[in-house]
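**Q** A single structure is presented below for examination.
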Amino acid sequence: MIKTLKWVMVAGILLFLLGHYIISYSDLPENLGVRGIYLGAFCMAIGLAMSLPTKMYLTFLFVTRENDAIAKKRHHR
């Protein structure tokens with residue numbers, strides 16, 4: 001499950017970067033007009049939606065693991 005969440009997070013970051021590229025550097029907004037801007041904004045929004053919740057979940061998971069490891073160390077002493 002962790003690998004899947006990492007892949008979703010990476011895909012979200014890549015979608016965000018794709019949206020930034022579309023809006024800032026490509027000719028799509030000039031060629032397509034408002035639709036080009038919508039396309040870039042859509043990629044950025046989906047990328048943010050995919051990357052943020054998984055980052056929070058993975059952080060929670062790593063903190064929980066670290067706390068369990070500290071508790072085991074204290075218990076074995």
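Note on naming: chains are A, B, ... as they come in the structure tokens, residues start from 1 per chain, ligands start from 1 in the order shown.
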What's the 12 Å shell around region 54-63 of chain A, counting only C-alpha atoms, without same-chain residues fewer than 4 positions away, as number ranges by chain?
**A** A: 1-13, 47-50, 67-70
**Q** From the set A:Ser51, A:Lys72, A:Arg35, A:Gly40, which residue has the shortest atom-to-atom contact distance to Ile22 (chain A), counting only C-alpha atoms?
**A**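 Distance minimum relative to Ile22 (chain A) lands on A:Gly40.
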**Q** CA of His20 (chain A) to CA of Ala41 (chain A): how many Å, to one decimal?
**A**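 So the two atoms, CA of His20 (chain A) and CA of Ala41 (chain A), lie 8.0 Å apart.
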**Q** What gap, in Å, lies between CA of Leu52 (chain A) and CA of Phe16 (chain A)?
**A**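 Here the two named atoms are 11.3 Å from each other.
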**Q** Find the residue from A:Arg65, A:Leu39, A:His75, A:Ala45 that sits nearest to Ser26 (chain A); use only C-alpha atoms when measuring.
**A**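 Nearest to Ser26 (chain A): A:Leu39.
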**Q** So the first atom is CA of Gly36 (chain A) and the second is CA of Ile23 (chain A); what is the distance between them in Å, to one decimal place?
**A**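 These atoms are spaced 7.5 Å apart.
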**Q** Nearest to Ile46 (chain A): which of A:Val34, A:Leu28, A:Ala71, A:Leu17 is it, counting only C-alpha atoms?
**A**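 Answer, going by the shortest atom-to-atom distance: A:Leu17.
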**Q** Compare A:Asn31, A:Leu15, A:Thr64, A:Ser24 by their minimum atom-to-atom distance to Cys43 (chain A), counting only C-alpha atoms, and give me the closest one.
**A** A:Leu15
